[in-house]
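First the structure, in the form of C-alpha cells, and then the observations on it.
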Amino acid sequence: MLDCVLNFSDNILSAIKIIDKSSKQVCLVIDDNNILLGIVTDGDIRRGILNGLSLEDSVTKIMTSKPVTVDENCGRPKSLELMNAKLIHHIPVVNKHGVLVDLHLLDDLLQKPKFDNSVVLMAGGRGERLRPFTDSCPKPMLEVNGKPILEIILQKCIDAGFSNFYISVNYLKDKIINYFDNGKKWGININYLEEESFLGTCGCLSLLPHNLGNDIIVMNGDIITDLDLDRLIRFHQKSDNLMTVCSRFHRVRIPFAVLNTHQNSIVNITEKPLYEYQVNAGVYVLNTRCLERISGGFYNMTDLIEKLLYENENVGAFPIHENWRDIGNPSEFKAIGGSSSF
C-alpha cells in the first residue's frame with residue numbers, strides 16, 4: 001500500500017502527519033474497500049485551517065472529491081499529457097472499479113526509465129512484398145522521411161529506456177551491420193544474430209545467449225508504432241504470462257450483401273457487413289523460458305504460440321491502440337514518405 005493513504009474516518013491532523021512524513025506531498029483518501037474518495041494537498045490543509053476547521057475534523061472536509069485520475073492501464077506518455085493539460089503534479093491510478101492502485105508523480109514520470117530487458121529486432125527477411133525497393137536494400141533499411149525504418153524503431157526503444165539490443169540479420173546483412181555497428185553512436189549496445197539461412201519469424205531466437213534472465217521484447221523490423229513499451233512490460237508481468245502478443249484491430253468490409261442461409265432458405269441478409277478481428281501486430285514479450293521451446297533451424301512465431309497454447313501456458317493479448325503501421329506494399333510505403341537510399 002502507498003505511504004500516503006488515509007481512511008475517510010481519519011482527521012486532518014493525520015493528513016498533516018502523512019504529508020510531512022511522505023515525499024509525495026499529497027494524501028489520498030480511501031474508503032474501507034480501498035476505493036479512492038478524494039485527494040488532499042498542503043494547500044487544502046492551509047485553506048481548511050484558515051476557514052476555521054479544527055485539526056480533529058474529518059479529512060473529508062478538506063479533500064478534493066472526484067480528483068483527476070487515470071486508469072491502471074494508462075501509460076507514462078498519457079499520464080504526462082494529462083498532468084500538463086491540468087497543470088497538476090500528481091495523479092492517482094485506479095482500476096475499473098475505482099480502487100486505488102498507484103500514484104503517478106510528475107517528477108518520477110519526467111525521469112527517463114531504464115530497463116534491463118533485451119530487445120530483439122527482427123531484420124533478416126527479404127521484404128518480398130516491397131520489391132523492387134528491396135532488390136538492393138534490406139526492408140528495415142528503407143527510409144521513411146529520410147531515416148531507416150530500423151533506426152526509427154531503435155530510437156523509439158531507446159526513448160522508452162532500453163539499451164541492450166539484438167538484431168537478427170540475413171538478407172543483405174552487411175548494410176545493416178555497417179550502419180548500426182555496435183550501437184555506440186546511440187549510446188547503446190547492439191549484438192547481431194546472424195542467420196546462415198533464413199530461420200523463419202523466430203528461429204533466430206535460438207541464437208540468443210542463455211543468460212538473459214529477464215523477459216525479452218521481440219519486434220518485427222518493419223513495424224512503426226507509438227506503442228508504450230513500459231505499459232506493455234507492466235501488463236505482461238502483472239498478467240503472469242509466459243508470452244504476450246501485441247494485437248491490432250483490423251476491419252474487413254465485405255463489398256457484397258451477405259446471406260445467412262439454412263437448407264437453401266435465406267434466414268437473413270446483411271448489406272456489406274464490417275467485421276473486426278484482432279490480428280498479430282508483430283510485437284511480443286517473451287519470458288526467457290519460451291526460448292527452450294525453440295530448437296535450432298527454421299521456426300515461426302505462430303509455431304511457438306501454438307506450442308505454448310497446446311501446453312496450456314499463459315499467452316496474453318495486448319491490444320495496440322496507438323499509432324501502428326506495417327510497412328506492407330509499395331503504395332503504402334510511398335504514402336508515408338518512404339524511399340530507398342541504397
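Naming works like this for the C-alpha cells: A, B, ... for the chains as they're shown, residue 1 at the start of each chain, ligands 1 onward in shown order.
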Neighbouring residues of stretch 81-93 of chain A were defined as those with any atom within 9 Å, considering only C-alpha atoms; residues of the same chain fewer than 3 positions away were excluded. Please report them as a ChimeraX atom specification. /A:24,26,28,36,39,67-74,76-78,98-107
Based on DSSP run over this structure's backbone, return all residues of stretch 129-264 of chain A in strand (DSSP E or B), as a compact mmCIF listing (two decimals) with N, CA and C atoms, in the first residue's frame.
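Contents of the output file result_23.txt:
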```
# COMPACT_ATOMS: atom_id res chain seq x y z
N GLU A 143 13.99 3.92 -46.10
CA GLU A 143 13.84 5.15 -45.33
C GLU A 143 12.40 5.67 -45.33
N VAL A 144 11.98 6.16 -44.19
CA VAL A 144 10.71 6.86 -44.03
C VAL A 144 11.05 8.26 -43.53
N LYS A 147 14.88 8.59 -42.81
CA LYS A 147 15.56 7.79 -41.79
C LYS A 147 15.17 6.32 -41.96
N PRO A 148 16.14 5.38 -41.86
CA PRO A 148 15.81 3.95 -41.99
C PRO A 148 14.74 3.52 -40.99
N PHE A 162 15.31 1.46 -23.11
CA PHE A 162 16.03 0.21 -23.37
C PHE A 162 17.40 0.51 -23.98
N ASN A 164 19.89 -2.45 -24.46
CA ASN A 164 20.55 -3.69 -24.87
C ASN A 164 19.76 -4.34 -26.01
N PHE A 165 20.37 -4.41 -27.19
CA PHE A 165 19.66 -4.85 -28.39
C PHE A 165 20.36 -6.01 -29.10
N TYR A 166 19.52 -6.84 -29.71
CA TYR A 166 19.99 -7.86 -30.63
C TYR A 166 19.24 -7.65 -31.94
N ILE A 167 19.95 -7.68 -33.04
CA ILE A 167 19.32 -7.52 -34.36
C ILE A 167 19.59 -8.78 -35.17
N SER A 168 18.51 -9.44 -35.61
CA SER A 168 18.67 -10.62 -36.46
C SER A 168 18.89 -10.16 -37.90
N VAL A 169 19.88 -10.74 -38.56
CA VAL A 169 20.22 -10.33 -39.93
C VAL A 169 20.46 -11.55 -40.81
N ASN A 189 24.06 -0.79 -26.66
CA ASN A 189 24.83 -1.97 -27.02
C ASN A 189 24.02 -2.80 -28.02
N ILE A 190 24.63 -3.10 -29.18
CA ILE A 190 23.97 -3.91 -30.21
C ILE A 190 24.82 -5.14 -30.52
N ASN A 191 24.19 -6.30 -30.47
CA ASN A 191 24.78 -7.55 -30.96
C ASN A 191 23.93 -8.07 -32.10
N TYR A 192 24.48 -8.96 -32.89
CA TYR A 192 23.78 -9.46 -34.07
C TYR A 192 23.56 -10.96 -34.01
N LEU A 193 22.36 -11.36 -34.41
CA LEU A 193 22.02 -12.77 -34.56
C LEU A 193 22.10 -13.07 -36.05
N GLU A 194 23.23 -13.61 -36.50
CA GLU A 194 23.48 -13.80 -37.93
C GLU A 194 22.95 -15.17 -38.37
N ILE A 216 12.14 -10.72 -22.54
CA ILE A 216 12.68 -10.00 -23.69
C ILE A 216 11.54 -9.50 -24.56
N ILE A 217 11.79 -8.38 -25.23
CA ILE A 217 10.85 -7.84 -26.20
C ILE A 217 11.33 -8.22 -27.59
N VAL A 218 10.44 -8.69 -28.42
CA VAL A 218 10.76 -9.05 -29.80
C VAL A 218 9.87 -8.22 -30.72
N MET A 219 10.49 -7.53 -31.68
CA MET A 219 9.73 -6.67 -32.59
C MET A 219 10.14 -6.93 -34.03
N ASN A 220 9.16 -6.98 -34.91
CA ASN A 220 9.46 -7.04 -36.33
C ASN A 220 10.16 -5.75 -36.76
N ILE A 223 7.86 -2.54 -38.49
CA ILE A 223 6.69 -2.00 -37.81
C ILE A 223 7.03 -0.63 -37.22
N ILE A 224 6.25 0.37 -37.55
CA ILE A 224 6.41 1.69 -36.93
C ILE A 224 5.19 1.93 -36.04
N THR A 225 5.45 2.12 -34.76
CA THR A 225 4.35 2.27 -33.82
C THR A 225 4.75 3.18 -32.66
N MET A 243 4.07 -15.54 -22.37
CA MET A 243 4.25 -14.77 -23.61
C MET A 243 3.07 -13.83 -23.78
N THR A 244 3.37 -12.61 -24.22
CA THR A 244 2.32 -11.65 -24.54
C THR A 244 2.47 -11.24 -25.99
N VAL A 245 1.37 -11.31 -26.73
CA VAL A 245 1.36 -10.97 -28.15
C VAL A 245 0.58 -9.67 -28.33
N CYS A 246 1.23 -8.67 -28.90
CA CYS A 246 0.51 -7.43 -29.19
C CYS A 246 -0.43 -7.64 -30.37
N SER A 247 -1.61 -7.08 -30.25
CA SER A 247 -2.61 -7.24 -31.30
C SER A 247 -3.07 -5.89 -31.80
N ARG A 248 -3.66 -5.92 -32.96
CA ARG A 248 -4.19 -4.70 -33.58
C ARG A 248 -5.55 -5.04 -34.18
N PHE A 249 -6.53 -4.17 -33.95
CA PHE A 249 -7.85 -4.43 -34.53
C PHE A 249 -7.81 -4.12 -36.02
N HIS A 250 -8.25 -5.10 -36.81
CA HIS A 250 -8.25 -4.96 -38.27
C HIS A 250 -9.67 -5.16 -38.78
N ARG A 251 -10.14 -4.20 -39.53
CA ARG A 251 -11.51 -4.26 -40.05
C ARG A 251 -11.54 -4.70 -41.50
N VAL A 252 -12.49 -5.56 -41.80
CA VAL A 252 -12.66 -6.06 -43.16
C VAL A 252 -14.10 -5.79 -43.60
N ARG A 253 -14.26 -5.04 -44.65
CA ARG A 253 -15.59 -4.75 -45.19
C ARG A 253 -15.89 -5.70 -46.35
N ALA A 257 -23.70 -7.96 -50.24
CA ALA A 257 -24.69 -8.35 -49.23
C ALA A 257 -24.44 -9.81 -48.87
N VAL A 258 -24.32 -10.10 -47.56
CA VAL A 258 -24.01 -11.45 -47.10
C VAL A 258 -25.30 -12.16 -46.70
N LEU A 259 -25.48 -13.36 -47.23
CA LEU A 259 -26.67 -14.15 -46.95
C LEU A 259 -26.39 -15.17 -45.87
N ASN A 260 -27.28 -15.25 -44.90
CA ASN A 260 -27.23 -16.31 -43.90
C ASN A 260 -28.32 -17.30 -44.26
N THR A 261 -27.92 -18.52 -44.61
CA THR A 261 -28.88 -19.48 -45.13
C THR A 261 -28.96 -20.73 -44.27
N HIS A 262 -30.07 -21.43 -44.40
CA HIS A 262 -30.26 -22.71 -43.74
C HIS A 262 -31.09 -23.60 -44.67
```
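Rounded to one decimal, atom CA of A:Arg129 and atom CA of A:Phe256 lie 27.6 Å from each other.
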Assign secondary structure with DSSP using the backbone only, and return the residues of stretch 187-276 of chain A in alpha helix (DSSP H) as an mmCIF file with N, CA and C atoms, in the first residue's frame.
```cif
data_model
loop_
_atom_site.group_PDB
_atom_site.id
_atom_site.type_symbol
_atom_site.label_atom_id
_atom_site.label_comp_id
_atom_site.auth_asym_id
_atom_site.auth_seq_id
_atom_site.Cartn_x
_atom_site.Cartn_y
_atom_site.Cartn_z
ATOM 1 N N LEU A 229 5.954 0.935 -24.556
ATOM 2 C CA LEU A 229 6.630 -0.305 -24.173
ATOM 3 C C LEU A 229 6.651 -0.500 -22.664
ATOM 4 N N ASP A 230 6.689 0.589 -21.925
ATOM 5 C CA ASP A 230 6.641 0.498 -20.460
ATOM 6 C C ASP A 230 5.329 -0.152 -20.024
ATOM 7 N N ARG A 231 4.244 0.310 -20.602
ATOM 8 C CA ARG A 231 2.919 -0.250 -20.260
ATOM 9 C C ARG A 231 2.815 -1.706 -20.686
ATOM 10 N N LEU A 232 3.424 -2.046 -21.831
ATOM 11 C CA LEU A 232 3.421 -3.427 -22.313
ATOM 12 C C LEU A 232 4.140 -4.344 -21.333
ATOM 13 N N ILE A 233 5.334 -3.940 -20.887
ATOM 14 C CA ILE A 233 6.101 -4.758 -19.949
ATOM 15 C C ILE A 233 5.332 -4.947 -18.648
ATOM 16 N N ARG A 234 4.741 -3.862 -18.133
ATOM 17 C CA ARG A 234 3.995 -3.947 -16.875
ATOM 18 C C ARG A 234 2.788 -4.867 -17.016
ATOM 19 N N PHE A 235 2.090 -4.787 -18.150
ATOM 20 C CA PHE A 235 0.942 -5.666 -18.394
ATOM 21 C C PHE A 235 1.393 -7.122 -18.415
ATOM 22 N N HIS A 236 2.483 -7.394 -19.116
ATOM 23 C CA HIS A 236 2.991 -8.764 -19.237
ATOM 24 C C HIS A 236 3.326 -9.337 -17.864
ATOM 25 N N GLN A 237 4.025 -8.579 -17.049
ATOM 26 C CA GLN A 237 4.448 -9.070 -15.743
ATOM 27 C C GLN A 237 3.269 -9.236 -14.797
ATOM 28 N N LYS A 238 2.346 -8.286 -14.826
ATOM 29 C CA LYS A 238 1.185 -8.361 -13.944
ATOM 30 C C LYS A 238 0.282 -9.533 -14.306
ATOM 31 N N SER A 239 0.213 -9.848 -15.599
ATOM 32 C CA SER A 239 -0.668 -10.918 -16.069
ATOM 33 C C SER A 239 -0.062 -12.297 -15.875
#
```
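Take the candidates A:Ile30, A:Leu172, A:Met122, A:Gly187 and check each one against A:Thr134 using only C-alpha atoms; the shortest distance goes to A:Leu172.
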